[in-house]
file entry.tsv (TSV, C-alpha atoms)
chain	number	residue	atom	x	y	z
A	1	MET	CA	126.98	-14.98	-23.79
A	2	ALA	CA	127.81	-11.34	-23.61
A	3	LYS	CA	126.91	-11.02	-27.25
A	4	PHE	CA	123.33	-12.06	-26.63
A	5	LYS	CA	122.91	-9.87	-23.60
A	6	LYS	CA	123.87	-6.88	-25.60
A	7	SER	CA	121.07	-7.36	-28.10
A	8	THR	CA	118.30	-8.01	-25.53
A	9	SER	CA	119.17	-5.13	-23.31
A	10	LYS	CA	117.79	-2.65	-25.85
A	11	GLU	CA	114.56	-0.81	-24.98
A	12	VAL	CA	111.28	-2.09	-26.33
A	13	GLN	CA	110.50	-0.38	-29.60
A	14	ALA	CA	107.12	1.22	-30.25
A	15	ILE	CA	104.90	-0.73	-32.62
A	16	ASN	CA	105.00	0.54	-36.14
A	17	THR	CA	101.65	2.20	-36.82
A	18	ALA	CA	102.22	2.93	-40.48
A	19	SER	CA	99.84	0.15	-41.54
A	20	LEU	CA	97.09	1.23	-39.19
A	21	PRO	CA	95.20	3.33	-41.78
A	22	ASP	CA	95.27	0.35	-44.13
A	23	ILE	CA	93.66	-1.87	-41.57
A	24	VAL	CA	91.07	0.74	-40.69
A	25	PHE	CA	90.23	1.25	-44.34
A	26	MET	CA	89.87	-2.45	-44.83
A	27	LEU	CA	87.40	-2.67	-41.95
A	28	LEU	CA	85.63	0.42	-43.23
A	29	PHE	CA	85.12	-1.09	-46.64
A	30	PHE	CA	83.93	-4.34	-45.12
A	31	PHE	CA	81.24	-2.60	-43.11
A	32	MET	CA	80.32	-0.29	-45.98
A	33	VAL	CA	79.70	-3.27	-48.23
A	34	THR	CA	77.80	-5.37	-45.70
A	35	THR	CA	75.62	-2.58	-44.34
A	36	VAL	CA	71.96	-2.74	-45.26
A	37	MET	CA	70.19	0.43	-44.35
A	38	ARG	CA	66.74	-0.06	-42.91
A	39	GLU	CA	64.34	1.02	-45.62
A	40	THR	CA	61.10	1.02	-43.75
A	41	SER	CA	60.29	2.35	-40.33
A	42	LEU	CA	57.95	0.08	-38.50
A	43	LYS	CA	54.65	1.57	-37.51
A	44	VAL	CA	53.38	-1.58	-35.89
A	45	ARG	CA	54.62	-3.49	-32.90
A	46	ILE	CA	55.79	-6.94	-33.85
A	47	GLN	CA	57.00	-9.70	-31.64
A	48	VAL	CA	57.49	-12.63	-33.99
A	49	PRO	CA	56.76	-16.14	-32.69
A	50	GLU	CA	59.48	-18.61	-31.86
A	51	ALA	CA	60.12	-21.82	-33.73
A	52	THR	CA	62.75	-24.50	-34.09
A	53	GLU	CA	62.35	-25.61	-37.70
A	54	ILE	CA	63.46	-22.34	-39.26
A	55	LYS	CA	65.41	-21.61	-42.37
A	56	LYS	CA	67.44	-18.56	-43.23
A	57	LEU	CA	66.14	-16.29	-45.95
A	58	GLU	CA	68.70	-15.78	-48.64
A	59	LYS	CA	68.85	-13.22	-51.43
A	60	LYS	CA	67.34	-10.22	-49.73
A	61	SER	CA	66.56	-8.56	-53.05
A	62	LEU	CA	63.98	-11.24	-53.76
A	63	VAL	CA	62.17	-10.82	-50.46
A	64	SER	CA	59.20	-8.55	-49.88
A	65	TYR	CA	57.89	-7.86	-46.42
A	66	ILE	CA	54.39	-7.65	-45.07
A	67	TYR	CA	54.04	-6.51	-41.47
A	68	ILE	CA	50.99	-7.16	-39.35
A	69	GLY	CA	50.59	-6.01	-35.79
A	70	THR	CA	49.02	-3.47	-33.50
A	71	PRO	CA	50.02	0.15	-34.24
A	72	HIS	CA	52.56	1.80	-31.98
A	73	LEU	CA	51.13	3.54	-28.94
A	74	ALA	CA	51.74	7.00	-30.40
A	75	LEU	CA	49.78	6.08	-33.51
A	76	GLN	CA	46.93	4.32	-31.79
A	77	ARG	CA	44.86	7.46	-31.43
A	78	LEU	CA	44.82	7.77	-35.20
A	79	TYR	CA	44.70	4.18	-36.29
A	80	GLY	CA	43.13	2.34	-33.38
A	81	SER	CA	44.54	-0.61	-31.49
A	82	GLU	CA	43.36	-3.37	-33.80
A	83	PRO	CA	46.07	-5.21	-35.76
A	84	ARG	CA	46.84	-3.51	-39.06
A	85	ILE	CA	48.76	-4.39	-42.19
A	86	GLN	CA	51.81	-2.35	-43.08
A	87	LEU	CA	53.28	-2.37	-46.57
A	88	ASN	CA	56.43	-0.35	-47.24
A	89	ASP	CA	56.05	2.73	-45.08
A	90	GLN	CA	52.33	3.02	-44.63
A	91	PHE	CA	49.28	1.26	-43.34
A	92	ALA	CA	47.33	-0.62	-45.94
A	93	THR	CA	44.27	-2.75	-46.35
A	94	LYS	CA	44.25	-6.26	-47.69
A	95	GLU	CA	43.04	-4.97	-51.06
A	96	ASP	CA	46.35	-3.11	-51.47
A	97	ILE	CA	48.37	-6.30	-51.28
A	98	ARG	CA	47.87	-7.24	-54.89
A	99	ASP	CA	49.15	-3.89	-56.13
A	100	PHE	CA	52.03	-4.11	-53.70
A	101	ILE	CA	53.04	-7.54	-54.96
A	102	SER	CA	52.88	-6.54	-58.60
A	103	SER	CA	54.94	-3.41	-58.00
A	104	GLU	CA	57.51	-5.41	-56.03
A	105	ARG	CA	57.62	-7.89	-58.85
A	106	GLU	CA	58.28	-5.23	-61.43
A	107	GLN	CA	61.38	-4.17	-59.56
A	108	MET	CA	62.92	-7.61	-59.97
A	109	ASP	CA	64.65	-9.16	-62.93
A	110	GLU	CA	62.32	-11.14	-65.09
A	111	HIS	CA	64.02	-14.47	-64.56
A	112	GLN	CA	64.04	-14.00	-60.80
A	113	GLN	CA	60.38	-13.19	-60.41
A	114	LYS	CA	59.50	-16.80	-59.83
A	115	GLN	CA	61.79	-16.97	-56.83
A	116	MET	CA	60.08	-14.07	-55.13
A	117	THR	CA	59.45	-14.74	-51.46
A	118	VAL	CA	57.09	-12.87	-49.21
A	119	SER	CA	58.19	-12.69	-45.62
A	120	LEU	CA	55.28	-12.34	-43.23
A	121	LYS	CA	56.34	-10.52	-40.11
A	122	ILE	CA	53.36	-10.98	-37.89
A	123	ASP	CA	52.92	-10.35	-34.21
A	124	ARG	CA	52.31	-13.51	-32.24
A	125	ASN	CA	49.12	-12.22	-30.67
A	126	THR	CA	47.43	-11.40	-33.96
A	127	LYS	CA	44.30	-13.35	-34.71
A	128	MET	CA	44.35	-15.74	-37.64
A	129	GLY	CA	41.42	-14.03	-39.38
A	130	ILE	CA	43.55	-11.22	-40.77
A	131	VAL	CA	46.43	-13.61	-41.52
A	132	THR	CA	44.16	-15.88	-43.54
A	133	ASP	CA	42.86	-12.88	-45.47
A	134	VAL	CA	46.41	-11.84	-46.34
A	135	LYS	CA	47.29	-15.38	-47.39
A	136	GLN	CA	44.25	-15.50	-49.66
A	137	GLU	CA	45.29	-12.21	-51.26
A	138	LEU	CA	48.78	-13.57	-51.80
A	139	ARG	CA	47.34	-16.62	-53.50
A	140	LYS	CA	45.27	-14.39	-55.76
A	141	ALA	CA	48.39	-12.42	-56.59
A	142	SER	CA	50.14	-15.79	-57.15
A	143	ALA	CA	52.91	-14.95	-54.72
A	144	LEU	CA	53.01	-18.46	-53.35
A	145	LYS	CA	56.40	-18.65	-51.69
A	146	ILE	CA	55.97	-17.34	-48.20
A	147	ASN	CA	57.99	-17.35	-45.04
A	148	TYR	CA	56.50	-17.02	-41.58
A	149	SER	CA	59.16	-14.92	-39.94
A	150	SER	CA	60.13	-16.37	-36.59
A	151	ARG	CA	62.99	-16.41	-34.17
A	152	LYS	CA	65.01	-19.42	-33.14
A	153	ARG	CA	63.66	-20.90	-29.94
A	154	VAL	CA	66.41	-21.12	-27.38
A	155	GLU	CA	64.76	-23.40	-24.86
A	156	GLN	CA	61.65	-25.46	-24.70
A	157	THR	CA	58.93	-23.11	-23.52
A	158	TYR	CA	56.15	-25.57	-23.04
B	1	MET	CA	93.32	10.50	-42.91
B	2	ALA	CA	93.13	7.71	-40.40
B	3	ASP	CA	90.90	9.87	-38.20
B	4	ILE	CA	88.34	10.33	-40.94
B	5	ALA	CA	88.47	6.66	-41.74
B	6	PHE	CA	87.92	5.88	-38.08
B	7	LEU	CA	84.97	8.19	-37.95
B	8	LEU	CA	83.37	6.54	-40.97
B	9	LEU	CA	84.19	3.13	-39.63
B	10	ILE	CA	82.43	3.86	-36.36
B	11	PHE	CA	79.42	5.22	-38.24
B	12	PHE	CA	79.05	2.07	-40.31
B	13	LEU	CA	79.70	-0.12	-37.29
B	14	VAL	CA	76.79	1.49	-35.50
B	15	ALA	CA	74.51	1.61	-38.54
B	16	THR	CA	75.03	-2.00	-39.55
B	17	THR	CA	72.26	-4.42	-38.72
B	18	MET	CA	73.49	-7.95	-38.84
B	19	ASP	CA	70.16	-9.64	-38.23
B	20	VAL	CA	69.41	-12.43	-40.62
B	21	ASP	CA	65.82	-13.03	-41.50
B	22	SER	CA	64.68	-16.50	-40.75
B	23	GLY	CA	61.41	-18.29	-40.51
B	24	ILE	CA	59.30	-21.22	-41.56
B	25	SER	CA	59.05	-21.44	-45.34
B	26	ARG	CA	55.82	-22.63	-46.87
B	27	LEU	CA	54.39	-22.85	-50.35
B	28	LEU	CA	50.82	-21.71	-50.68
B	29	PRO	CA	48.59	-23.71	-53.00
B	30	ALA	CA	47.63	-21.98	-56.21
B	31	MET	CA	44.16	-20.48	-56.39
B	32	PRO	CA	41.82	-23.14	-57.75
B	33	GLU	CA	40.28	-22.55	-61.14
B	34	GLU	CA	36.58	-21.87	-60.98
B	35	ASP	CA	35.58	-24.89	-63.01
B	36	GLN	CA	37.82	-27.20	-61.04
B	37	LEU	CA	36.01	-29.95	-59.22
B	38	ASP	CA	36.49	-30.67	-55.57
B	39	ASP	CA	38.67	-33.75	-55.49
B	40	GLU	CA	38.85	-33.96	-51.73
B	41	SER	CA	36.37	-36.83	-51.65
B	42	GLU	CA	38.98	-39.08	-53.21
B	43	ILE	CA	41.10	-39.10	-50.07
B	44	LYS	CA	40.00	-41.68	-47.57
B	45	GLU	CA	39.23	-40.54	-44.09
B	46	ARG	CA	41.91	-42.68	-42.49
B	47	ASN	CA	44.53	-40.98	-44.63
B	48	VAL	CA	43.69	-37.52	-43.34
B	49	PHE	CA	45.25	-36.39	-40.09
B	50	VAL	CA	42.92	-33.66	-38.90
B	51	VAL	CA	44.57	-30.98	-36.81
B	52	LEU	CA	42.22	-28.29	-35.61
B	53	LEU	CA	42.87	-25.13	-33.64
B	54	ASN	CA	39.82	-23.47	-32.19
B	55	MET	CA	39.25	-19.89	-31.13
B	56	ASN	CA	40.51	-20.56	-27.61
B	57	ASP	CA	43.82	-21.91	-28.98
B	58	GLU	CA	42.86	-25.45	-28.01
B	59	LEU	CA	44.37	-28.14	-30.16
B	60	PHE	CA	42.30	-31.03	-31.46
B	61	VAL	CA	43.92	-33.97	-33.21
B	62	GLU	CA	41.51	-36.43	-34.81
B	63	LYS	CA	38.66	-34.99	-32.74
B	64	SER	CA	40.30	-35.38	-29.34
B	65	ILE	CA	41.94	-32.57	-27.43
B	66	VAL	CA	45.69	-32.96	-26.98
B	67	ASP	CA	48.60	-30.94	-25.65
B	68	ILE	CA	50.95	-29.47	-28.23
B	69	SER	CA	53.88	-31.44	-26.80
B	70	GLU	CA	52.21	-34.66	-27.98
B	71	LEU	CA	51.57	-33.44	-31.51
B	72	LYS	CA	54.97	-34.33	-32.94
B	73	ASP	CA	54.87	-37.95	-31.82
B	74	LEU	CA	51.26	-38.37	-32.95
B	75	THR	CA	52.16	-37.04	-36.39
B	76	LYS	CA	55.12	-39.36	-36.70
B	77	GLU	CA	53.03	-42.33	-35.65
B	78	PHE	CA	50.35	-41.39	-38.17
B	79	PHE	CA	52.81	-41.44	-41.05
B	80	LEU	CA	54.83	-44.45	-39.97
B	81	ASN	CA	51.90	-46.58	-38.79
B	82	PRO	CA	54.26	-49.29	-37.50
B	83	GLN	CA	51.51	-51.72	-36.49
B	84	ASN	CA	49.42	-51.15	-39.64
B	85	ARG	CA	46.40	-50.01	-37.67
B	86	ASP	CA	43.14	-49.22	-39.43
B	87	ASN	CA	42.81	-45.70	-38.09
B	88	LEU	CA	46.25	-44.48	-39.18
B	89	SER	CA	47.48	-43.75	-42.69
B	90	GLU	CA	47.60	-46.33	-45.46
B	91	LYS	CA	50.88	-47.17	-47.12
B	92	ARG	CA	51.64	-48.12	-50.66
B	93	GLN	CA	54.73	-49.59	-52.21
B	94	MET	CA	56.66	-47.21	-54.38
B	95	TYR	CA	60.00	-47.30	-56.15
B	96	VAL	CA	62.27	-44.49	-55.01
B	97	GLU	CA	65.84	-43.97	-56.08
B	98	PHE	CA	68.43	-44.96	-53.39
B	99	PHE	CA	65.79	-46.80	-51.35
B	100	GLY	CA	64.38	-49.28	-53.86
B	101	ASP	CA	60.85	-50.43	-53.20
B	102	ILE	CA	59.73	-48.71	-50.06
B	103	MET	CA	56.44	-48.28	-48.24
B	104	VAL	CA	55.27	-44.70	-48.61
B	105	SER	CA	52.45	-43.30	-46.53
B	106	LYS	CA	49.39	-41.90	-48.30
B	107	GLY	CA	48.67	-39.67	-45.33
B	108	VAL	CA	47.94	-35.97	-45.55
B	109	ILE	CA	47.80	-33.51	-42.69
B	110	SER	CA	44.78	-31.25	-42.75
B	111	LEU	CA	45.37	-28.14	-40.69
B	112	ARG	CA	42.38	-26.00	-39.84
B	113	ASN	CA	42.16	-22.93	-37.75
B	114	ASP	CA	39.52	-20.52	-36.58
B	115	ILE	CA	39.41	-16.78	-37.23
B	116	GLY	CA	40.05	-16.27	-33.54
B	117	THR	CA	43.09	-18.53	-33.29
B	118	SER	CA	46.21	-16.63	-32.32
B	119	TYR	CA	49.04	-16.53	-34.83
B	120	GLY	CA	51.62	-17.60	-32.24
B	121	LYS	CA	49.76	-20.83	-31.57
B	122	TYR	CA	49.29	-21.46	-35.29
B	123	ILE	CA	53.04	-21.13	-35.88
B	124	ALA	CA	53.74	-23.39	-32.90
B	125	VAL	CA	51.55	-26.06	-34.52
B	126	GLN	CA	53.10	-25.55	-37.96
B	127	ASN	CA	56.47	-25.88	-36.29
B	128	GLU	CA	55.60	-29.15	-34.57
B	129	LEU	CA	54.26	-30.62	-37.83
B	130	ALA	CA	57.41	-29.56	-39.66
B	131	ALA	CA	59.52	-30.97	-36.84
B	132	ALA	CA	57.74	-34.33	-37.15
B	133	VAL	CA	58.41	-34.58	-40.88
B	134	ASN	CA	61.99	-33.40	-40.46
B	135	GLU	CA	62.62	-36.04	-37.80
B	136	LEU	CA	61.28	-38.75	-40.08
B	137	ARG	CA	63.55	-37.50	-42.82
B	138	ASP	CA	66.49	-37.41	-40.44
B	139	GLU	CA	65.86	-40.99	-39.35
B	140	ILE	CA	65.78	-42.43	-42.85
B	141	CYS	CA	68.78	-40.37	-43.88
B	142	LEU	CA	70.84	-41.53	-40.89
B	143	GLN	CA	69.80	-45.10	-41.55
B	144	HIS	CA	70.84	-45.15	-45.20
B	145	PHE	CA	73.59	-42.59	-45.48
B	146	GLY	CA	74.80	-42.07	-41.92
B	147	ARG	CA	74.18	-38.34	-42.17
B	148	LYS	CA	71.49	-35.97	-41.00
B	149	TYR	CA	69.02	-34.64	-43.53
B	150	ASN	CA	69.93	-31.05	-42.79
B	151	ASP	CA	73.61	-31.76	-43.41
B	152	LEU	CA	72.91	-32.61	-47.05
B	153	ASP	CA	74.01	-29.88	-49.40
B	154	PRO	CA	71.41	-28.95	-52.05
B	155	LEU	CA	74.18	-27.52	-54.26
B	156	ASN	CA	75.92	-30.88	-54.45
B	157	PRO	CA	74.20	-32.85	-57.29
B	158	ASN	CA	74.51	-36.18	-55.47
B	159	ASP	CA	73.09	-34.78	-52.24
B	160	ASP	CA	70.37	-33.01	-54.17
B	161	ALA	CA	69.22	-36.33	-55.64
B	162	ILE	CA	69.11	-37.79	-52.13
B	163	ILE	CA	67.08	-34.83	-50.89
B	164	LYS	CA	64.60	-35.29	-53.73
B	165	SER	CA	64.24	-39.00	-52.97
B	166	ILE	CA	63.70	-38.39	-49.26
B	167	LYS	CA	61.13	-35.75	-50.06
B	168	LYS	CA	59.29	-38.34	-52.12
B	169	VAL	CA	59.27	-40.77	-49.20
B	170	TYR	CA	58.25	-38.15	-46.63
B	171	PRO	CA	56.58	-35.22	-48.35
B	172	MET	CA	55.65	-32.14	-46.32
B	173	ALA	CA	51.98	-32.89	-46.93
B	174	ILE	CA	50.19	-30.16	-45.01
B	175	SER	CA	46.94	-29.02	-46.51
B	176	GLU	CA	45.12	-26.01	-45.20
B	177	ALA	CA	41.41	-25.76	-45.56
B	178	GLU	CA	39.92	-23.10	-47.75
B	179	PRO	CA	38.75	-20.22	-45.57
B	180	LYS	CA	35.11	-20.64	-46.54
B	181	GLU	CA	35.14	-24.01	-44.87
B	182	ILE	CA	36.50	-22.47	-41.71
B	183	GLY	CA	33.56	-20.09	-41.74
B	184	LYS	CA	31.20	-23.03	-41.95
B	185	LYS	CA	32.90	-24.71	-39.03
B	186	THR	CA	32.44	-21.83	-36.68
B	187	GLN	CA	28.80	-21.18	-37.46
call {"tool": "encode", "arguments": {"input": "entry.tsv", "output": "structure tokens"}}
result
Amino acid sequence: MAKFKKSTSKEVQAINTASLPDIVFMLLFFFMVTTVMRETSLKVRIQVPEATEIKKLEKKSLVSYIYIGTPHLALQRLYGSEPRIQLNDQFATKEDIRDFISSEREQMDEHQQKQMTVSLKIDRNTKMGIVTDVKQELRKASALKINYSSRKRVEQTY
Amino acid sequence: MADIAFLLLIFFLVATTMDVDSGISRLLPAMPEEDQLDDESEIKERNVFVVLLNMNDELFVEKSIVDISELKDLTKEFFLNPQNRDNLSEKRQMYVEFFGDIMVSKGVISLRNDIGTSYGKYIAVQNELAAAVNELRDEICLQHFGRKYNDLDPLNPNDDAIIKSIKKVYPMAISEAEPKEIGKKTQ
């Protein structure tokens, strides 16, 4: 019995921190790889609608974004308070969509161009007139795969 | 060394956005050729489920005003037509893999909206229509395979064949009117 007591009576040793940098580096690399920097700064206010039947968008490199919403308050003096279309970093008109789609398409690999998806991030209070116009332009540009960006509905709201 | 790594780690932790983009996927119809004839007259009226959203976000289904909470059940009833009523969709027998000869509805949903309809309401309606079709798919999938439709894996060849068959039985048949027609409606 005395034998055992002798071994347990030692003081608690400090944890070996030699592997700490390894762990930190591992986490660092994980976050470095997964990070996607925001490429565009939004100039319009968008509150996407909620839905239940949603699917995740995969392969971000194949997705182009079109934003529609009212300009931010600071920009409203310049651009008015009517809903506007934003492509990349600037406001655009619906006539610009075709050029935008073709330039987005050029950036993709040839065999992936057919899988191109356009994600429509549209504010829920926008009127359908402008949305229909954009959809018609997309059809003309034959970018037919679209995704109405929406959030998962948590509870039944109606 | 560890300090620098920590610093970088914290930077990337803060800068990372983990939001996944999600939404309702749809395939737009291709632009019709100019010499293409209007073939809409071929579809019988009873096979078209007219869903209309007006400028005040009021929902009309087959010319009567309904609440959006009823839309899903109405859509399901339209496709299933359990009592073979005259005003709901026709069915035809079709051979589908896994199911054999099965009655498939000829019905098509026609979704129309006004320029003044709000986008939020439009998505809510799209969502209900999609939910109706997905529930029908779920039901038949549970019945035959004991699994939910969404649990099928498209990368698995066997599951993929099942998905294709179910899509044949219950296609996501939502047709949106050409905008020029919408203009006519509002005048």
call {"tool": "closest_residue", "arguments": {"input": "entry.tsv", "among": "A:Asp109, A:Asp89, A:Glu137, A:Glu82", "to": "chain B", "atoms": "only C-alpha atoms"}}
result
A:Glu137
call {"tool": "closest_atom_pairs", "arguments": {"input": "entry.tsv", "of": "chain A", "to": "chain B", "cutoff": "8 Å", "atoms": "only C-alpha atoms", "output": "CSV"}}
result
residue,atom,partner,partner_atom,distance
A:Leu20,CA,B:Ala2,CA,7.7
A:Pro21,CA,B:Ala2,CA,5.0
A:Val24,CA,B:Ala5,CA,6.6
A:Phe25,CA,B:Ala5,CA,6.3
A:Leu27,CA,B:Leu9,CA,7.0
A:Leu28,CA,B:Leu9,CA,4.7
A:Phe31,CA,B:Phe12,CA,5.9
A:Met32,CA,B:Phe12,CA,6.3
A:Thr34,CA,B:Thr16,CA,7.5
A:Thr35,CA,B:Thr16,CA,4.9
A:Val36,CA,B:Thr16,CA,6.5
A:Met37,CA,B:Thr16,CA,7.2
A:Val48,CA,B:Gly120,CA,7.9
A:Pro49,CA,B:Gly120,CA,5.4
A:Glu50,CA,B:Ala124,CA,7.5
A:Ala51,CA,B:Asn127,CA,6.0
A:Thr52,CA,B:Asn127,CA,6.8
A:Glu53,CA,B:Asn127,CA,6.1
A:Ile54,CA,B:Gly23,CA,4.7
A:Lys55,CA,B:Ser22,CA,5.4
A:Lys56,CA,B:Ser22,CA,4.2
A:Leu57,CA,B:Ser22,CA,5.4
A:Ile122,CA,B:Tyr119,CA,7.7
A:Asp123,CA,B:Tyr119,CA,7.3
A:Arg124,CA,B:Gly120,CA,4.1
A:Asn125,CA,B:Ser118,CA,5.5
A:Thr126,CA,B:Tyr119,CA,5.4
A:Lys127,CA,B:Ser118,CA,4.5
A:Met128,CA,B:Ile115,CA,5.1
A:Gly129,CA,B:Ile115,CA,4.0
A:Ile130,CA,B:Ile115,CA,7.8
A:Val131,CA,B:Tyr119,CA,7.8
A:Thr132,CA,B:Pro179,CA,7.2
A:Lys135,CA,B:Leu28,CA,8.0
A:Arg139,CA,B:Met31,CA,5.8
A:Lys140,CA,B:Met31,CA,6.2
A:Ser142,CA,B:Ala30,CA,6.7
A:Leu144,CA,B:Leu28,CA,4.7
A:Lys145,CA,B:Leu27,CA,4.8
A:Ile146,CA,B:Arg26,CA,5.5
A:Asn147,CA,B:Ser25,CA,4.2
A:Tyr148,CA,B:Ile24,CA,5.0
A:Ser149,CA,B:Gly23,CA,4.1
A:Ser150,CA,B:Gly23,CA,4.5
A:Arg151,CA,B:Ser22,CA,6.8
A:Tyr158,CA,B:Ser69,CA,7.3
call {"tool": "atom_distance", "arguments": {"input": "entry.tsv", "atom1": "atom CA of B:Asn84", "atom2": "atom CA of B:Pro171"}}
result
19.5 Å
call {"tool": "atom_distance", "arguments": {"input": "entry.tsv", "atom1": "atom CA of B:Ile65", "atom2": "atom CA of A:Lys152"}}
result
27.2 Å
call {"tool": "closest_residue", "arguments": {"input": "entry.tsv", "among": "B:Gly107, B:Asp86, B:Val133, B:Phe98", "to": "B:Leu71", "atoms": "all atoms listed in the file"}}
result
B:Val133
call {"tool": "closest_residue", "arguments": {"input": "entry.tsv", "among": "B:Asp138, B:Arg147, B:Met103, B:Asp159", "to": "B:Asn81", "atoms": "only C-alpha atoms"}}
result
B:Met103
call {"tool": "atom_distance", "arguments": {"input": "entry.tsv", "atom1": "atom CA of B:Asn150", "atom2": "atom CA of B:Asn47"}}
result
27.3 Å
call {"tool": "residues_around", "arguments": {"input": "entry.tsv", "residues": "B:Arg112", "least_positions_apart": "6", "cutoff": "8 Å", "atoms": "only C-alpha atoms", "output": "JSON, numbers by chain"}}
result
{"B": [50, 51, 52, 53, 176, 177, 182]}
call {"tool": "residues_around", "arguments": {"input": "entry.tsv", "residues": "B:Arg92", "least_positions_apart": "5", "cutoff": "8 Å", "atoms": "only C-alpha atoms", "output": "PyMOL selection string"}}
result
chain B and resi 103-106
call {"tool": "residues_around", "arguments": {"input": "entry.tsv", "residues": "A:Arg98", "least_positions_apart": "5", "cutoff": "12 Å", "atoms": "all atoms listed in the file", "output": "PDB file with C-alpha atoms, in the coordinates of the input"}}
result
ATOM      1  CA  ILE A  66      54.390  -7.650 -45.070  1.00  0.00           C
ATOM      2  CA  LEU A  87      53.280  -2.370 -46.570  1.00  0.00           C
ATOM      3  CA  ALA A  92      47.330  -0.620 -45.940  1.00  0.00           C
ATOM      4  CA  THR A  93      44.270  -2.750 -46.350  1.00  0.00           C
ATOM      5  CA  SER A 103      54.940  -3.410 -58.000  1.00  0.00           C
ATOM      6  CA  GLU A 104      57.510  -5.410 -56.030  1.00  0.00           C
ATOM      7  CA  ARG A 105      57.620  -7.890 -58.850  1.00  0.00           C
ATOM      8  CA  VAL A 134      46.410 -11.840 -46.340  1.00  0.00           C
ATOM      9  CA  LYS A 135      47.290 -15.380 -47.390  1.00  0.00           C
ATOM     10  CA  GLN A 136      44.250 -15.500 -49.660  1.00  0.00           C
ATOM     11  CA  GLU A 137      45.290 -12.210 -51.260  1.00  0.00           C
ATOM     12  CA  LEU A 138      48.780 -13.570 -51.800  1.00  0.00           C
ATOM     13  CA  ARG A 139      47.340 -16.620 -53.500  1.00  0.00           C
ATOM     14  CA  LYS A 140      45.270 -14.390 -55.760  1.00  0.00           C
ATOM     15  CA  ALA A 141      48.390 -12.420 -56.590  1.00  0.00           C
ATOM     16  CA  SER A 142      50.140 -15.790 -57.150  1.00  0.00           C
ATOM     17  CA  ALA A 143      52.910 -14.950 -54.720  1.00  0.00           C
TER      18      ALA A 143
END
call {"tool": "residues_around", "arguments": {"input": "entry.tsv", "residues": "B:Lys168", "least_positions_apart": "6", "cutoff": "10 Å", "atoms": "only C-alpha atoms", "output": "PyMOL selection string"}}
result
chain B and resi 94-97+104+162
call {"tool": "build_atoms", "arguments": {"input": "entry.tsv", "residues": "stretch 107-118 of chain A", "atoms": "N, CA and C atoms", "output": "PDB file, keeping the file's coordinate frame"}}
result
ATOM      1  N   GLN A 107      60.028  -4.621 -59.884  1.00  0.00           N
ATOM      2  CA  GLN A 107      61.380  -4.170 -59.560  1.00  0.00           C
ATOM      3  C   GLN A 107      62.422  -5.276 -59.713  1.00  0.00           C
ATOM      4  N   MET A 108      61.970  -6.492 -59.881  1.00  0.00           N
ATOM      5  CA  MET A 108      62.920  -7.610 -59.970  1.00  0.00           C
ATOM      6  C   MET A 108      63.236  -7.935 -61.423  1.00  0.00           C
ATOM      7  N   ASP A 109      64.335  -8.666 -61.595  1.00  0.00           N
ATOM      8  CA  ASP A 109      64.650  -9.160 -62.930  1.00  0.00           C
ATOM      9  C   ASP A 109      63.603 -10.195 -63.330  1.00  0.00           C
ATOM     10  N   GLU A 110      63.402 -10.283 -64.624  1.00  0.00           N
ATOM     11  CA  GLU A 110      62.320 -11.140 -65.090  1.00  0.00           C
ATOM     12  C   GLU A 110      62.537 -12.606 -64.710  1.00  0.00           C
ATOM     13  N   HIS A 111      63.793 -13.055 -64.826  1.00  0.00           N
ATOM     14  CA  HIS A 111      64.020 -14.470 -64.560  1.00  0.00           C
ATOM     15  C   HIS A 111      64.030 -14.786 -63.066  1.00  0.00           C
ATOM     16  N   GLN A 112      64.025 -13.747 -62.242  1.00  0.00           N
ATOM     17  CA  GLN A 112      64.040 -14.000 -60.800  1.00  0.00           C
ATOM     18  C   GLN A 112      62.650 -13.881 -60.173  1.00  0.00           C
ATOM     19  N   GLN A 113      61.700 -13.459 -60.982  1.00  0.00           N
ATOM     20  CA  GLN A 113      60.380 -13.190 -60.410  1.00  0.00           C
ATOM     21  C   GLN A 113      59.738 -14.432 -59.801  1.00  0.00           C
ATOM     22  N   LYS A 114      60.091 -15.572 -60.359  1.00  0.00           N
ATOM     23  CA  LYS A 114      59.500 -16.800 -59.830  1.00  0.00           C
ATOM     24  C   LYS A 114      60.023 -17.142 -58.443  1.00  0.00           C
ATOM     25  N   GLN A 115      61.202 -16.638 -58.136  1.00  0.00           N
ATOM     26  CA  GLN A 115      61.790 -16.970 -56.830  1.00  0.00           C
ATOM     27  C   GLN A 115      61.386 -15.981 -55.756  1.00  0.00           C
ATOM     28  N   MET A 116      60.503 -15.085 -56.094  1.00  0.00           N
ATOM     29  CA  MET A 116      60.080 -14.070 -55.130  1.00  0.00           C
ATOM     30  C   MET A 116      59.500 -14.724 -53.866  1.00  0.00           C
ATOM     31  N   THR A 117      59.953 -14.246 -52.739  1.00  0.00           N
ATOM     32  CA  THR A 117      59.450 -14.740 -51.460  1.00  0.00           C
ATOM     33  C   THR A 117      58.817 -13.594 -50.695  1.00  0.00           C
ATOM     34  N   VAL A 118      57.724 -13.878 -50.063  1.00  0.00           N
ATOM     35  CA  VAL A 118      57.090 -12.870 -49.210  1.00  0.00           C
ATOM     36  C   VAL A 118      57.314 -13.279 -47.770  1.00  0.00           C
TER      37      VAL A 118
END
